[in-house]
Amino acid sequence: MTIRPCAALLLLALAPAAALAQKTPMPVSDAPPPPSYGAPHIIGFGGVGLDLALPTGNFKNYVSVGGGFDGFFALKLVPSGALSLRLDLTVLLYGSETRQYPLVPLIDVDVTTSNTILGLNIGPQFMATSGRIRPYAMGGIGFSYFNTSSSVSGTDNSESFANSTNFGDGTFAVRAGGGLWIQVGHGRTPVWIDLGAQYVWNGQVSYLRPGSIDLGPPVVYHPIRSETHLWMIHAGVSAAIAPKGS
């Protein structure tokens, strides 16, 4: 006789829970996964820097030193980044001289003649893939273009208002080098200080240096023809590159 009242009370107690279970939606199995906030997809590396150019061999007999800047982009060929395809662009200044001439009575102008080398090379880059300090080695083939140009500016204004190319010649070039990347940034795209050196083998080329132009009249050029090998000592900044939104 006492079992029936107890069963009735138990049913009354379970009734609200059963009703709540009927109203609670079941989880959907095909619901989208939560967003991922992992590391970005790095496609390569890029950098810029300053260069000290030190001629060697016959080139050293005519040019003592030069300087300039460079930039590079390295596209990863393997996911780890140990092997990349690297493109280098270099601009070096190895000579410059400025002369002053009267333009019209009471007005003088400065004529500045600059001797530059434009280098473009492509080749492999090998790099350590872990650690705060990462050694790397690179090499490439391409060309070097030696150019001499003159520009005219006011004696009190450095901005030129006329310029002309005086002489130019190009040659096949090969470069190889290496260095160290020292990590200084730890964000989504790491940043490194880049310290290194490269040796550039340039073929025979004709070029001018300061003093190679006889102003005459008439104006006469005295080009030098030799191999133009040089060392480049480099200091710059490199960074990982990831597409926006990756």
# chains A, B, ... in the order shown; residues from 1 in each chain; ligands from 1
$ closest_atom_pairs --of "segment 90-161 of chain A" --to "segment 50-72 of chain A" --cutoff "10 Å" --atoms "only C-alpha atoms" --output "CSV"
residue,atom,partner,partner_atom,distance
A:Thr90,CA,A:Asp70,CA,4.3
A:Val91,CA,A:Gly68,CA,5.6
A:Leu92,CA,A:Gly68,CA,4.3
A:Leu93,CA,A:Gly67,CA,5.4
A:Tyr94,CA,A:Gly66,CA,4.1
A:Gly95,CA,A:Gly66,CA,7.1
A:Asn115,CA,A:Gly66,CA,9.7
A:Thr116,CA,A:Gly66,CA,8.9
A:Ile117,CA,A:Gly68,CA,9.3
A:Leu118,CA,A:Asp70,CA,9.8
A:Gly119,CA,A:Asp70,CA,9.1
A:Leu120,CA,A:Phe72,CA,9.8
A:Asn121,CA,A:Phe72,CA,9.5
A:Ile122,CA,A:Phe72,CA,9.6
$ write_last_selection --atoms "C-alpha atoms" --output "PDB file, in the first residue's frame"
ATOM      1  CA  THR A  90      71.702  46.000 -55.240  1.00  0.00           C
ATOM      2  CA  VAL A  91      72.591  49.640 -55.959  1.00  0.00           C
ATOM      3  CA  LEU A  92      76.181  50.722 -55.233  1.00  0.00           C
ATOM      4  CA  LEU A  93      77.854  54.126 -55.597  1.00  0.00           C
ATOM      5  CA  TYR A  94      81.601  53.860 -56.194  1.00  0.00           C
ATOM      6  CA  GLY A  95      82.454  57.418 -57.227  1.00  0.00           C
ATOM      7  CA  ASN A 115      79.328  56.280 -60.875  1.00  0.00           C
ATOM      8  CA  THR A 116      76.979  53.463 -59.869  1.00  0.00           C
ATOM      9  CA  ILE A 117      76.525  49.698 -60.176  1.00  0.00           C
ATOM     10  CA  LEU A 118      73.071  48.126 -60.466  1.00  0.00           C
ATOM     11  CA  GLY A 119      73.069  44.401 -59.661  1.00  0.00           C
ATOM     12  CA  LEU A 120      70.269  41.829 -60.033  1.00  0.00           C
ATOM     13  CA  ASN A 121      70.740  38.161 -59.094  1.00  0.00           C
ATOM     14  CA  ILE A 122      68.569  35.094 -58.490  1.00  0.00           C
TER      15      ILE A 122
END
$ residues_around --residues "segment 208-211 of chain A" --least-positions-apart "5" --cutoff "7 Å" --atoms "only C-alpha atoms" --output "list in words"
Gly95, Ser96, Glu97, Asn115, Thr148, Pro223 and Ile224 of chain A
$ closest_atom_pairs --of "segment 74-129 of chain A" --to "segment 40-47 of chain A" --cutoff "6 Å" --atoms "only C-alpha atoms" --output "JSON lines"
{"residue": "A:Ala74", "atom": "CA", "partner": "A:Phe45", "partner_atom": "CA", "distance": 5.1}
{"residue": "A:Leu75", "atom": "CA", "partner": "A:Gly44", "partner_atom": "CA", "distance": 4.4}
{"residue": "A:Lys76", "atom": "CA", "partner": "A:Gly44", "partner_atom": "CA", "distance": 4.9}
$ residues_around --residues "Thr171 of chain A" --least-positions-apart "4" --cutoff "7 Å" --atoms "only C-alpha atoms" --output "tab-separated table (two decimals) with N, CA and C atoms, in the first residue's frame"
chain	number	residue	atom	x	y	z
A	143	PHE	N	73.24	39.84	-63.47
A	143	PHE	CA	74.04	40.81	-64.22
A	143	PHE	C	74.37	42.00	-63.32
A	144	SER	N	75.39	42.73	-63.74
A	144	SER	CA	75.76	44.01	-63.12
A	144	SER	C	75.85	45.06	-64.22
A	145	TYR	N	75.21	46.19	-63.98
A	145	TYR	CA	75.23	47.29	-64.97
A	145	TYR	C	75.96	48.47	-64.36
A	202	ASN	N	82.24	39.69	-61.30
A	202	ASN	CA	81.77	40.37	-62.50
A	202	ASN	C	82.74	40.11	-63.65
A	203	GLY	N	82.20	39.94	-64.84
A	203	GLY	CA	83.05	39.73	-66.00
A	203	GLY	C	83.72	41.03	-66.45
A	204	GLN	N	84.34	40.97	-67.62
A	204	GLN	CA	84.97	42.16	-68.18
A	204	GLN	C	83.90	43.20	-68.51
A	205	VAL	N	84.15	44.43	-68.10
A	205	VAL	CA	83.18	45.50	-68.35
A	205	VAL	C	83.94	46.82	-68.48
$ residues_around --residues "Val152 of chain A" --least-positions-apart "3" --cutoff "8 Å" --atoms "only C-alpha atoms" --output "NGL selection string"
:A and (109-112 or 160-163)
$ write_last_selection --atoms "N, CA and C atoms" --output "tab-separated table (two decimals), in the first residue's frame"
chain	number	residue	atom	x	y	z
A	109	VAL	N	75.68	76.87	-61.26
A	109	VAL	CA	75.02	75.59	-61.02
A	109	VAL	C	76.08	74.55	-60.69
A	110	ASP	N	75.64	73.50	-59.98
A	110	ASP	CA	76.49	72.36	-59.67
A	110	ASP	C	76.18	71.22	-60.63
A	111	VAL	N	77.22	70.66	-61.23
A	111	VAL	CA	77.09	69.48	-62.08
A	111	VAL	C	77.73	68.31	-61.35
A	112	THR	N	76.92	67.35	-60.94
A	112	THR	CA	77.39	66.20	-60.16
A	112	THR	C	77.38	64.96	-61.05
A	160	SER	N	67.90	68.18	-58.39
A	160	SER	CA	68.36	68.41	-59.76
A	160	SER	C	67.20	68.78	-60.67
A	161	PHE	N	67.51	69.58	-61.70
A	161	PHE	CA	66.49	69.95	-62.68
A	161	PHE	C	66.86	69.47	-64.09
A	162	ALA	N	68.00	68.79	-64.24
A	162	ALA	CA	68.37	68.19	-65.52
A	162	ALA	C	69.37	67.06	-65.25
A	163	ASN	N	69.29	66.01	-66.04
A	163	ASN	CA	70.24	64.91	-65.88
A	163	ASN	C	70.47	64.21	-67.21
$ closest_residue --among "A:Phe146, A:Trp192, A:Phe172, A:Trp181" --to "Ala128 of chain A" --atoms "only C-alpha atoms"
A:Trp181
$ atom_distance --atom1 "atom CA of Val219 of chain A" --atom2 "atom CA of Asp169 of chain A"
18.9 Å
$ closest_residue --among "A:Arg175, A:Lys244, A:Arg99, A:Arg86" --to "Leu230 of chain A" --atoms "only C-alpha atoms"
A:Arg175
$ select_by_dssp --residues "segment 162-236 of chain A" --states "strand (DSSP E or B)" --output "ChimeraX atom specification"
/A:162-185,191-202,204-207,213-214,220-221,224-227,230-236
$ atom_distance --atom1 "atom CA of Asn147 of chain A" --atom2 "atom CA of Gly170 of chain A"
8.6 Å
$ decode --residues "segment 32-149 of chain A" --atoms "C-alpha atoms" --output "PDB file, in the first residue's frame"
ATOM      1  CA  PRO A  32      31.198  24.887 -37.875  1.00  0.00           C
ATOM      2  CA  PRO A  33      34.349  24.423 -35.785  1.00  0.00           C
ATOM      3  CA  PRO A  34      35.571  27.307 -33.632  1.00  0.00           C
ATOM      4  CA  PRO A  35      37.945  29.771 -35.328  1.00  0.00           C
ATOM      5  CA  SER A  36      41.631  28.916 -35.306  1.00  0.00           C
ATOM      6  CA  TYR A  37      44.190  31.433 -34.090  1.00  0.00           C
ATOM      7  CA  GLY A  38      47.380  29.543 -34.993  1.00  0.00           C
ATOM      8  CA  ALA A  39      50.572  30.847 -36.607  1.00  0.00           C
ATOM      9  CA  PRO A  40      50.226  32.671 -39.967  1.00  0.00           C
ATOM     10  CA  HIS A  41      51.104  30.981 -43.237  1.00  0.00           C
ATOM     11  CA  ILE A  42      54.580  32.369 -44.010  1.00  0.00           C
ATOM     12  CA  ILE A  43      55.364  32.279 -47.749  1.00  0.00           C
ATOM     13  CA  GLY A  44      58.884  33.670 -47.611  1.00  0.00           C
ATOM     14  CA  PHE A  45      61.225  36.343 -46.328  1.00  0.00           C
ATOM     15  CA  GLY A  46      62.224  39.863 -47.323  1.00  0.00           C
ATOM     16  CA  GLY A  47      64.723  42.441 -46.217  1.00  0.00           C
ATOM     17  CA  VAL A  48      66.655  45.645 -46.858  1.00  0.00           C
ATOM     18  CA  GLY A  49      70.074  46.811 -45.764  1.00  0.00           C
ATOM     19  CA  LEU A  50      73.214  48.860 -46.308  1.00  0.00           C
ATOM     20  CA  ASP A  51      76.333  47.610 -48.073  1.00  0.00           C
ATOM     21  CA  LEU A  52      80.027  48.455 -47.976  1.00  0.00           C
ATOM     22  CA  ALA A  53      81.685  47.546 -51.317  1.00  0.00           C
ATOM     23  CA  LEU A  54      85.367  46.549 -51.287  1.00  0.00           C
ATOM     24  CA  PRO A  55      86.840  46.055 -54.794  1.00  0.00           C
ATOM     25  CA  THR A  56      89.385  43.278 -55.367  1.00  0.00           C
ATOM     26  CA  GLY A  57      91.843  42.358 -58.136  1.00  0.00           C
ATOM     27  CA  ASN A  58      92.166  44.774 -61.057  1.00  0.00           C
ATOM     28  CA  PHE A  59      89.091  46.695 -59.932  1.00  0.00           C
ATOM     29  CA  LYS A  60      90.916  47.654 -56.734  1.00  0.00           C
ATOM     30  CA  ASN A  61      93.596  49.415 -58.822  1.00  0.00           C
ATOM     31  CA  TYR A  62      91.016  51.964 -60.020  1.00  0.00           C
ATOM     32  CA  VAL A  63      88.343  52.073 -57.290  1.00  0.00           C
ATOM     33  CA  SER A  64      89.090  51.962 -53.555  1.00  0.00           C
ATOM     34  CA  VAL A  65      85.654  51.673 -51.938  1.00  0.00           C
ATOM     35  CA  GLY A  66      81.947  52.032 -52.567  1.00  0.00           C
ATOM     36  CA  GLY A  67      78.656  51.868 -50.724  1.00  0.00           C
ATOM     37  CA  GLY A  68      74.944  51.563 -51.226  1.00  0.00           C
ATOM     38  CA  PHE A  69      71.838  49.599 -50.347  1.00  0.00           C
ATOM     39  CA  ASP A  70      70.109  46.363 -51.290  1.00  0.00           C
ATOM     40  CA  GLY A  71      66.843  44.497 -50.964  1.00  0.00           C
ATOM     41  CA  PHE A  72      65.841  40.869 -51.366  1.00  0.00           C
ATOM     42  CA  PHE A  73      62.843  38.548 -51.453  1.00  0.00           C
ATOM     43  CA  ALA A  74      63.116  34.802 -50.786  1.00  0.00           C
ATOM     44  CA  LEU A  75      60.176  32.520 -51.696  1.00  0.00           C
ATOM     45  CA  LYS A  76      60.031  29.341 -49.606  1.00  0.00           C
ATOM     46  CA  LEU A  77      60.438  26.155 -51.660  1.00  0.00           C
ATOM     47  CA  VAL A  78      59.898  23.806 -48.682  1.00  0.00           C
ATOM     48  CA  PRO A  79      57.480  24.363 -45.756  1.00  0.00           C
ATOM     49  CA  SER A  80      60.258  24.650 -43.172  1.00  0.00           C
ATOM     50  CA  GLY A  81      61.969  27.503 -45.047  1.00  0.00           C
ATOM     51  CA  ALA A  82      65.296  25.659 -45.144  1.00  0.00           C
ATOM     52  CA  LEU A  83      65.406  26.181 -48.935  1.00  0.00           C
ATOM     53  CA  SER A  84      64.147  29.289 -50.730  1.00  0.00           C
ATOM     54  CA  LEU A  85      64.447  30.931 -54.136  1.00  0.00           C
ATOM     55  CA  ARG A  86      66.037  34.337 -53.530  1.00  0.00           C
ATOM     56  CA  LEU A  87      66.037  37.502 -55.677  1.00  0.00           C
ATOM     57  CA  ASP A  88      68.570  40.253 -54.826  1.00  0.00           C
ATOM     58  CA  LEU A  89      68.645  43.869 -56.058  1.00  0.00           C
ATOM     59  CA  THR A  90      71.702  46.000 -55.240  1.00  0.00           C
ATOM     60  CA  VAL A  91      72.591  49.640 -55.959  1.00  0.00           C
ATOM     61  CA  LEU A  92      76.181  50.722 -55.233  1.00  0.00           C
ATOM     62  CA  LEU A  93      77.854  54.126 -55.597  1.00  0.00           C
ATOM     63  CA  TYR A  94      81.601  53.860 -56.194  1.00  0.00           C
ATOM     64  CA  GLY A  95      82.454  57.418 -57.227  1.00  0.00           C
ATOM     65  CA  SER A  96      81.083  60.957 -57.388  1.00  0.00           C
ATOM     66  CA  GLU A  97      82.401  64.433 -58.191  1.00  0.00           C
ATOM     67  CA  THR A  98      80.790  67.862 -58.348  1.00  0.00           C
ATOM     68  CA  ARG A  99      81.904  70.793 -60.487  1.00  0.00           C
ATOM     69  CA  GLN A 100      80.515  74.343 -60.495  1.00  0.00           C
ATOM     70  CA  TYR A 101      79.777  76.221 -63.728  1.00  0.00           C
ATOM     71  CA  PRO A 102      78.165  79.580 -64.531  1.00  0.00           C
ATOM     72  CA  LEU A 103      74.712  79.122 -66.068  1.00  0.00           C
ATOM     73  CA  VAL A 104      74.061  82.787 -66.805  1.00  0.00           C
ATOM     74  CA  PRO A 105      75.795  85.875 -65.392  1.00  0.00           C
ATOM     75  CA  LEU A 106      75.574  85.886 -61.573  1.00  0.00           C
ATOM     76  CA  ILE A 107      74.042  82.367 -61.407  1.00  0.00           C
ATOM     77  CA  ASP A 108      76.131  79.226 -60.933  1.00  0.00           C
ATOM     78  CA  VAL A 109      75.016  75.590 -61.023  1.00  0.00           C
ATOM     79  CA  ASP A 110      76.492  72.360 -59.670  1.00  0.00           C
ATOM     80  CA  VAL A 111      77.086  69.483 -62.085  1.00  0.00           C
ATOM     81  CA  THR A 112      77.388  66.202 -60.161  1.00  0.00           C
ATOM     82  CA  THR A 113      78.685  63.086 -61.914  1.00  0.00           C
ATOM     83  CA  SER A 114      77.946  59.759 -60.185  1.00  0.00           C
ATOM     84  CA  ASN A 115      79.328  56.280 -60.875  1.00  0.00           C
ATOM     85  CA  THR A 116      76.979  53.463 -59.869  1.00  0.00           C
ATOM     86  CA  ILE A 117      76.525  49.698 -60.176  1.00  0.00           C
ATOM     87  CA  LEU A 118      73.071  48.126 -60.466  1.00  0.00           C
ATOM     88  CA  GLY A 119      73.069  44.401 -59.661  1.00  0.00           C
ATOM     89  CA  LEU A 120      70.269  41.829 -60.033  1.00  0.00           C
ATOM     90  CA  ASN A 121      70.740  38.161 -59.094  1.00  0.00           C
ATOM     91  CA  ILE A 122      68.569  35.094 -58.490  1.00  0.00           C
ATOM     92  CA  GLY A 123      69.460  31.792 -56.866  1.00  0.00           C
ATOM     93  CA  PRO A 124      68.977  29.495 -53.859  1.00  0.00           C
ATOM     94  CA  GLN A 125      69.099  30.370 -50.178  1.00  0.00           C
ATOM     95  CA  PHE A 126      69.748  27.768 -47.448  1.00  0.00           C
ATOM     96  CA  MET A 127      68.892  28.669 -43.858  1.00  0.00           C
ATOM     97  CA  ALA A 128      68.663  27.108 -40.403  1.00  0.00           C
ATOM     98  CA  THR A 129      65.001  26.882 -39.384  1.00  0.00           C
ATOM     99  CA  SER A 130      65.149  27.167 -35.592  1.00  0.00           C
ATOM    100  CA  GLY A 131      66.936  29.113 -32.899  1.00  0.00           C
ATOM    101  CA  ARG A 132      67.358  32.802 -32.168  1.00  0.00           C
ATOM    102  CA  ILE A 133      70.504  32.925 -34.348  1.00  0.00           C
ATOM    103  CA  ARG A 134      70.085  31.364 -37.790  1.00  0.00           C
ATOM    104  CA  PRO A 135      73.036  30.931 -40.184  1.00  0.00           C
ATOM    105  CA  TYR A 136      72.280  31.150 -43.904  1.00  0.00           C
ATOM    106  CA  ALA A 137      74.066  30.740 -47.226  1.00  0.00           C
ATOM    107  CA  MET A 138      73.045  32.019 -50.647  1.00  0.00           C
ATOM    108  CA  GLY A 139      74.181  32.168 -54.250  1.00  0.00           C
ATOM    109  CA  GLY A 140      72.914  33.534 -57.525  1.00  0.00           C
ATOM    110  CA  ILE A 141      73.489  34.423 -61.142  1.00  0.00           C
ATOM    111  CA  GLY A 142      72.488  37.618 -62.913  1.00  0.00           C
ATOM    112  CA  PHE A 143      74.036  40.812 -64.220  1.00  0.00           C
ATOM    113  CA  SER A 144      75.760  44.006 -63.120  1.00  0.00           C
ATOM    114  CA  TYR A 145      75.228  47.287 -64.965  1.00  0.00           C
ATOM    115  CA  PHE A 146      77.867  50.035 -64.577  1.00  0.00           C
ATOM    116  CA  ASN A 147      76.462  53.495 -65.168  1.00  0.00           C
ATOM    117  CA  THR A 148      77.852  57.037 -65.124  1.00  0.00           C
ATOM    118  CA  SER A 149      75.358  59.908 -65.175  1.00  0.00           C
TER     119      SER A 149
END
